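K.L.:
So here's data_34.tsv, just TSV, C-alpha atoms and all ligand atoms:
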chain	number	residue	atom	x	y	z
S	1	MET	CA	-14.45	46.36	105.77
S	2	LYS	CA	-14.48	46.06	109.57
S	3	LYS	CA	-18.02	45.49	110.77
S	4	LEU	CA	-19.68	47.70	113.39
S	5	ILE	CA	-21.94	46.35	116.10
S	6	ALA	CA	-23.78	49.22	117.80
S	7	GLY	CA	-26.15	48.79	120.71
S	8	ASN	CA	-29.11	51.11	121.04
S	9	TRP	CA	-30.20	51.07	124.66
S	10	LYS	CA	-33.18	53.32	123.83
S	11	MET	CA	-34.75	54.82	126.99
S	12	ASN	CA	-33.61	52.02	129.26
S	13	GLY	CA	-31.17	51.79	132.13
S	14	SER	CA	-30.36	53.16	135.56
S	15	LEU	CA	-27.03	53.96	137.17
S	16	ALA	CA	-27.03	50.55	138.85
S	17	ALA	CA	-28.24	48.56	135.83
S	18	ASN	CA	-25.76	50.29	133.50
S	19	GLU	CA	-22.88	49.53	135.80
S	20	ALA	CA	-23.81	45.85	135.96
S	21	LEU	CA	-24.25	45.64	132.19
S	22	LEU	CA	-20.97	47.41	131.43
S	23	LEU	CA	-19.07	45.36	134.01
S	24	ALA	CA	-20.27	42.17	132.32
S	25	LEU	CA	-19.50	43.60	128.86
S	26	GLY	CA	-16.03	44.65	129.98
S	27	GLN	CA	-15.28	41.20	131.37
S	28	GLY	CA	-16.48	39.56	128.16
S	29	LEU	CA	-14.60	41.95	125.88
S	30	ASP	CA	-11.43	41.31	127.86
S	31	ARG	CA	-11.48	37.73	126.64
S	32	ALA	CA	-9.97	37.43	123.17
S	33	SER	CA	-12.67	35.03	121.98
S	34	THR	CA	-15.32	37.76	121.69
S	35	GLY	CA	-13.70	39.09	118.55
S	36	ILE	CA	-13.92	42.85	119.28
S	37	ALA	CA	-10.51	43.32	117.67
S	38	ARG	CA	-12.02	42.15	114.42
S	39	CYS	CA	-15.05	44.41	114.54
S	40	ASP	CA	-15.91	47.79	116.01
S	41	ALA	CA	-18.42	47.91	118.83
S	42	ALA	CA	-20.34	50.76	120.41
S	43	VAL	CA	-23.17	51.45	122.82
S	44	CYS	CA	-25.57	54.32	122.15
S	45	VAL	CA	-26.90	55.22	125.57
S	46	PRO	CA	-29.37	57.76	126.97
S	47	THR	CA	-27.67	61.17	127.13
S	48	PRO	CA	-27.75	61.46	130.96
S	49	TYR	CA	-25.63	58.31	131.20
S	50	LEU	CA	-22.86	59.35	128.80
S	51	ALA	CA	-20.64	60.59	131.62
S	52	GLN	CA	-21.19	57.42	133.63
S	53	VAL	CA	-20.20	55.25	130.68
S	54	GLN	CA	-17.04	57.32	130.12
S	55	ALA	CA	-16.14	57.04	133.81
S	56	LEU	CA	-16.56	53.25	133.73
S	57	LYS	CA	-14.53	53.01	130.51
S	58	ALA	CA	-11.69	54.83	132.27
S	59	VAL	CA	-11.41	52.17	134.98
S	60	GLN	CA	-12.33	48.96	133.13
S	61	PRO	CA	-9.67	47.80	130.65
S	62	GLY	CA	-12.15	45.55	128.85
S	63	LEU	CA	-14.20	48.59	127.84
S	64	ALA	CA	-11.26	50.48	126.35
S	65	ASN	CA	-12.25	49.71	122.75
S	66	LEU	CA	-15.97	50.01	123.23
S	67	GLU	CA	-17.07	53.25	121.57
S	68	VAL	CA	-19.82	55.43	122.96
S	69	GLY	CA	-22.69	57.06	121.13
S	70	ALA	CA	-25.86	59.05	121.71
S	71	GLN	CA	-29.33	58.40	120.34
S	72	ASP	CA	-30.27	61.83	119.01
S	73	VAL	CA	-28.79	65.28	118.47
S	74	SER	CA	-30.13	68.77	117.88
S	75	ALA	CA	-29.93	70.16	114.37
S	76	HIS	CA	-28.94	73.51	115.94
S	77	PRO	CA	-25.46	74.41	117.18
S	78	ALA	CA	-26.57	76.34	120.31
S	79	GLY	CA	-29.21	78.71	121.61
S	80	ALA	CA	-32.82	78.85	122.74
S	81	TYR	CA	-33.80	75.22	122.10
S	82	THR	CA	-34.92	74.05	125.52
S	83	GLY	CA	-34.35	70.38	126.13
S	84	GLU	CA	-32.11	69.82	123.13
S	85	VAL	CA	-28.52	68.62	123.20
S	86	SER	CA	-26.00	69.87	120.64
S	87	ALA	CA	-23.45	67.84	118.75
S	88	ALA	CA	-20.65	69.86	120.38
S	89	MET	CA	-21.95	68.82	123.82
S	90	LEU	CA	-22.02	65.16	122.76
S	91	LYS	CA	-18.51	65.51	121.41
S	92	GLU	CA	-17.34	66.92	124.76
S	93	LEU	CA	-18.84	63.85	126.42
S	94	GLY	CA	-16.75	61.61	124.20
S	95	CYS	CA	-19.35	60.48	121.69
S	96	ARG	CA	-17.95	58.79	118.61
S	97	TYR	CA	-21.40	58.10	117.13
S	98	VAL	CA	-24.91	59.47	117.26
S	99	ILE	CA	-28.02	57.76	115.94
S	100	VAL	CA	-30.13	60.07	113.77
S	101	GLY	CA	-33.53	59.46	112.21
S	102	HIS	CA	-34.38	56.37	114.23
S	103	SER	CA	-37.89	55.28	113.27
S	104	GLU	CA	-39.08	55.93	116.82
S	105	ARG	CA	-38.08	59.57	116.38
S	106	ARG	CA	-39.57	59.77	112.92
S	107	GLN	CA	-42.82	58.23	114.23
S	108	TYR	CA	-43.25	59.76	117.70
S	109	HIS	CA	-41.44	63.06	117.19
S	110	PHE	CA	-42.45	63.64	113.58
S	111	GLU	CA	-38.89	63.92	112.30
S	112	THR	CA	-38.83	64.50	108.56
S	113	ASP	CA	-36.22	63.50	105.98
S	114	ALA	CA	-35.09	67.15	105.92
S	115	LEU	CA	-34.63	67.30	109.70
S	116	VAL	CA	-32.71	64.02	109.65
S	117	ALA	CA	-30.41	65.53	107.00
S	118	ASP	CA	-29.92	68.62	109.20
S	119	LYS	CA	-29.09	66.48	112.24
S	120	THR	CA	-26.65	64.53	110.09
S	121	ARG	CA	-24.98	67.82	109.17
S	122	ALA	CA	-24.78	68.89	112.82
S	123	ALA	CA	-23.12	65.61	113.82
S	124	LEU	CA	-20.60	65.70	110.98
S	125	ALA	CA	-19.72	69.35	111.71
S	126	SER	CA	-18.73	68.32	115.25
S	127	GLY	CA	-16.74	65.31	114.16
S	128	ILE	CA	-19.30	62.73	115.30
S	129	THR	CA	-20.23	59.89	112.96
S	130	PRO	CA	-23.99	59.86	112.42
S	131	ILE	CA	-25.66	56.46	112.23
S	132	VAL	CA	-28.45	57.43	109.84
S	133	CYS	CA	-31.49	55.17	110.14
S	134	ILE	CA	-33.87	54.50	107.29
S	135	GLY	CA	-36.53	51.86	106.74
S	136	GLU	CA	-40.03	51.15	105.55
S	137	THR	CA	-43.16	50.45	107.59
S	138	LEU	CA	-45.14	47.23	107.25
S	139	THR	CA	-47.83	49.03	105.24
S	140	GLU	CA	-45.20	50.38	102.86
S	141	ARG	CA	-43.59	46.93	102.47
S	142	GLU	CA	-46.92	45.25	101.84
S	143	ALA	CA	-47.73	47.89	99.23
S	144	GLY	CA	-44.46	47.03	97.44
S	145	ARG	CA	-43.01	50.47	98.26
S	146	THR	CA	-39.89	49.40	100.20
S	147	GLU	CA	-37.40	50.46	97.54
S	148	GLU	CA	-39.10	53.79	96.88
S	149	VAL	CA	-39.19	54.67	100.61
S	150	ILE	CA	-35.63	53.76	101.49
S	151	LYS	CA	-34.28	55.46	98.36
S	152	ARG	CA	-36.20	58.63	99.21
S	153	GLN	CA	-34.90	58.62	102.78
S	154	LEU	CA	-31.30	58.07	101.68
S	155	ALA	CA	-31.60	60.61	98.84
S	156	ALA	CA	-32.47	63.35	101.34
S	157	VAL	CA	-29.20	62.73	103.16
S	158	ILE	CA	-27.17	62.40	99.94
S	159	ARG	CA	-28.63	65.67	98.61
S	160	ALA	CA	-27.48	67.52	101.71
S	161	HIS	CA	-24.14	65.74	102.15
S	162	GLY	CA	-23.07	64.34	98.80
S	163	HIS	CA	-19.52	65.62	99.28
S	164	CYS	CA	-19.05	63.81	102.61
S	165	ILE	CA	-21.59	61.01	102.39
S	166	SER	CA	-18.82	58.46	102.88
S	167	GLU	CA	-18.42	59.77	106.47
S	168	ILE	CA	-21.80	58.42	107.60
S	169	VAL	CA	-22.86	55.01	108.80
S	170	LEU	CA	-26.18	53.95	107.30
S	171	ALA	CA	-28.59	51.66	109.16
S	172	TYR	CA	-31.37	49.86	107.34
S	173	GLU	CA	-34.04	49.24	109.94
S	174	PRO	CA	-37.35	47.96	108.62
S	175	VAL	CA	-39.85	49.48	111.04
S	176	TRP	CA	-41.84	46.24	111.19
S	177	ALA	CA	-38.79	44.39	112.48
S	178	ILE	CA	-37.85	46.78	115.30
S	179	GLY	CA	-38.65	45.42	118.72
S	180	THR	CA	-41.08	42.89	117.26
S	181	GLY	CA	-38.91	39.77	117.36
S	182	LYS	CA	-39.60	39.44	113.62
S	183	SER	CA	-36.33	40.10	111.81
S	184	ALA	CA	-35.97	40.52	108.07
S	185	SER	CA	-34.52	37.33	106.62
S	186	PRO	CA	-30.87	37.52	105.54
S	187	HIS	CA	-32.07	37.40	101.92
S	188	GLU	CA	-34.62	40.22	102.41
S	189	ALA	CA	-32.11	42.40	104.23
S	190	GLN	CA	-29.34	41.78	101.69
S	191	ALA	CA	-31.68	42.71	98.83
S	192	VAL	CA	-32.32	46.12	100.38
S	193	HIS	CA	-28.68	46.66	101.31
S	194	PHE	CA	-27.73	45.93	97.70
S	195	VAL	CA	-30.08	48.68	96.52
S	196	LEU	CA	-28.66	51.10	99.09
S	197	ARG	CA	-25.07	50.27	98.09
S	198	ALA	CA	-25.93	50.98	94.45
S	199	GLN	CA	-27.48	54.31	95.41
S	200	LEU	CA	-24.37	55.22	97.41
S	201	LYS	CA	-22.17	54.14	94.50
S	202	ALA	CA	-23.96	56.56	92.22
S	203	ALA	CA	-23.36	59.36	94.76
S	204	THR	CA	-19.71	58.81	95.67
S	205	ASP	CA	-16.66	56.88	94.54
S	206	GLN	CA	-16.12	56.17	98.27
S	207	SER	CA	-19.27	54.02	98.58
S	208	ALA	CA	-17.30	50.92	99.49
S	209	ARG	CA	-16.25	52.73	102.69
S	210	VAL	CA	-19.80	53.31	103.91
S	211	ARG	CA	-20.92	50.76	106.46
S	212	ILE	CA	-24.53	49.70	106.04
S	213	LEU	CA	-25.85	48.19	109.27
S	214	TYR	CA	-28.93	46.04	109.58
S	215	GLY	CA	-31.23	46.65	112.53
S	216	GLY	CA	-34.50	45.02	113.56
S	217	SER	CA	-34.66	42.15	116.02
S	218	MET	CA	-31.08	41.05	115.41
S	219	ASN	CA	-30.31	38.48	118.09
S	220	VAL	CA	-27.98	35.62	118.97
S	221	ALA	CA	-29.87	33.22	116.73
S	222	ASN	CA	-29.93	35.26	113.52
S	223	ALA	CA	-26.86	37.53	113.81
S	224	ALA	CA	-24.35	35.26	112.09
S	225	SER	CA	-26.49	34.66	109.02
S	226	LEU	CA	-27.43	38.33	108.67
S	227	LEU	CA	-23.83	39.47	109.17
S	228	ALA	CA	-22.60	36.96	106.57
S	229	GLN	CA	-24.41	38.82	103.77
S	230	PRO	CA	-22.06	40.69	101.43
S	231	ASP	CA	-23.63	44.12	101.90
S	232	ILE	CA	-24.39	43.88	105.64
S	233	ASP	CA	-21.54	45.61	107.41
S	234	GLY	CA	-22.77	45.33	110.98
S	235	GLY	CA	-25.81	45.62	113.17
S	236	LEU	CA	-27.78	48.16	115.17
S	237	ILE	CA	-29.05	46.18	118.11
S	238	GLY	CA	-31.87	47.25	120.42
S	239	GLY	CA	-33.23	44.69	122.88
S	240	ALA	CA	-30.32	42.25	122.65
S	241	SER	CA	-27.82	45.01	123.53
S	242	LEU	CA	-29.29	45.18	127.04
S	243	LYS	CA	-28.20	41.61	127.76
S	244	ALA	CA	-24.42	41.43	128.10
S	245	GLN	CA	-24.06	37.83	126.95
S	246	ASP	CA	-26.31	38.35	123.92
S	247	PHE	CA	-24.48	41.50	122.88
S	248	LEU	CA	-21.11	39.76	123.29
S	249	THR	CA	-22.31	36.82	121.20
S	250	ILE	CA	-23.41	39.17	118.41
S	251	ILE	CA	-20.04	40.95	118.55
S	252	ALA	CA	-18.34	37.56	118.24
S	253	ALA	CA	-20.53	36.73	115.23
S	254	ALA	CA	-19.33	39.90	113.49
S	255	LYS	CA	-15.79	38.67	113.13
S	256	ILE	CA	-16.57	37.01	109.80
N	301	LIG	C1	-33.40	49.49	117.31
N	301	LIG	O1	-33.95	50.04	118.26
N	301	LIG	O2	-32.71	50.16	116.54
N	301	LIG	C2	-33.59	48.06	117.12
N	301	LIG	C3	-33.08	47.49	116.06
N	301	LIG	O3	-34.28	47.41	118.10
N	301	LIG	P1	-34.46	45.79	118.24
N	301	LIG	O4	-33.11	45.19	118.04
N	301	LIG	O5	-34.97	45.61	119.65
N	301	LIG	O6	-35.43	45.38	117.20
Step by step, read the file and then write its structure as structure tokens.
Ligand code: PEP
P.N.:
Amino acid sequence: MKKLIAGNWKMNGSLAANEALLLALGQGLDRASTGIARCDAAVCVPTPYLAQVQALKAVQPGLANLEVGAQDVSAHPAGAYTGEVSAAMLKELGCRYVIVGHSERRQYHFETDALVADKTRAALASGITPIVCIGETLTEREAGRTEEVIKRQLAAVIRAHGHCISEIVLAYEPVWAIGTGKSASPHEAQAVHFVLRAQLKAATDQSARVRILYGGSMNVANAASLLAQPDIDGGLIGGASLKAQDFLTIIAAAKI
């Protein structure tokens, strides 16, 4: 299966900084050695910058194959939901992906498993691939509850979308590894991905099609060994996606 390397810019950037970053990414992706033809790559940017990224893609040949995504979506199709952005709006802005259920949204915006399932539905209904994030906290891991937590989080999405679960991208992001510089080891990550694959297998005969990304301090030093694991089908990259050379190096590591 072709791997997917998706950058999550989080709430970072400016018109000037984005342009510089995308220019450098475009130049790097133009060179065959980066390996983008052998993996899919995307940047999930703050919603106000979606139009800027599309405009730059239109004039920079190196960015032609770089997909664009958003970082959140409303569960509602339209209406009196001040501040929210619908999946149809994201689709109009050319989004191929949208991150749903990122731990920062679960933690700071109190998003529940049920809401994450609803947002997943909204994305799928508009033809956008949701990158559904799940993962345990440090307290949960230390209490030996990793498997229980990730299975519960995935089960909520499977319950709501069993018939089209193969259309999602899943991202295992241990909360303790996000933005901390402390990645899960390849062995730890693979063990969880194996459990998730088995859970998907029980839900659909299309489980082999579902990409399971690893996210949490993936960087130039650890990307190749994480991406070499049999059930790790790509990465969701935060901090390192803001540095063009780092992101390009991780994309190149995904060719295996
Ligand atoms: C993320 O925000 O999804 C993430 C994985 O961040 P980082 O790579 O910075 O840990």
K.L.:
Ligand LIG 301 (chain N): which residues are within 7 Å, counting only C-alpha atoms and all ligand atoms? Reply as a PyMOL selection string.
P.N.:
chain S and resi 8+10+102+173+177-181+215-218+236-240
K.L.:
Tell me which protein, DNA and RNA residues are within 12 Å of Pro174 of chain S, counting all atoms listed in the file, leaving out same-chain ones fewer than 5 positions away, and put them as a PyMOL selection string.
P.N.:
chain S and resi 102-104+133-141+146-147+149-150+179-180+182-185+188-189+192-193+213-218+236
K.L.:
Extract, using all atoms listed in the file, all DNA, RNA and protein residues at most 12 Å from Ala17 of chain S, discarding same-chain residues fewer than 6 positions from it, and format them as a list in words.
P.N.:
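Final neighbour list, sorted by chain and number: Trp9, Leu23, Ala24, Tyr49, Gln52, Val53, Leu242, Lys243 and Ala244 of chain S.
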K.L.:
In Å, how far is it from atom CA of Ile250 of chain S to atom CA of Arg105 of chain S?
P.N.:
25.2 Å
K.L.:
Go through S:Gln71, S:Gln27, S:Thr112, S:Ser166 one by one, measure the shortest atom-to-atom distance of each to Tyr97 of chain S using only C-alpha atoms, and give the residue with the smallest value.
P.N.:
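Looking at the shortest contact to Tyr97 of chain S, the residue is S:Gln71.
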K.L.:
Just the number, please: distance in Å from atom CA of Ala125 of chain S to atom CA of Ile212 of chain S, one decimal.
P.N.:
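Pair atom CA of Ala125 of chain S / atom CA of Ile212 of chain S returns 21.0 Å.
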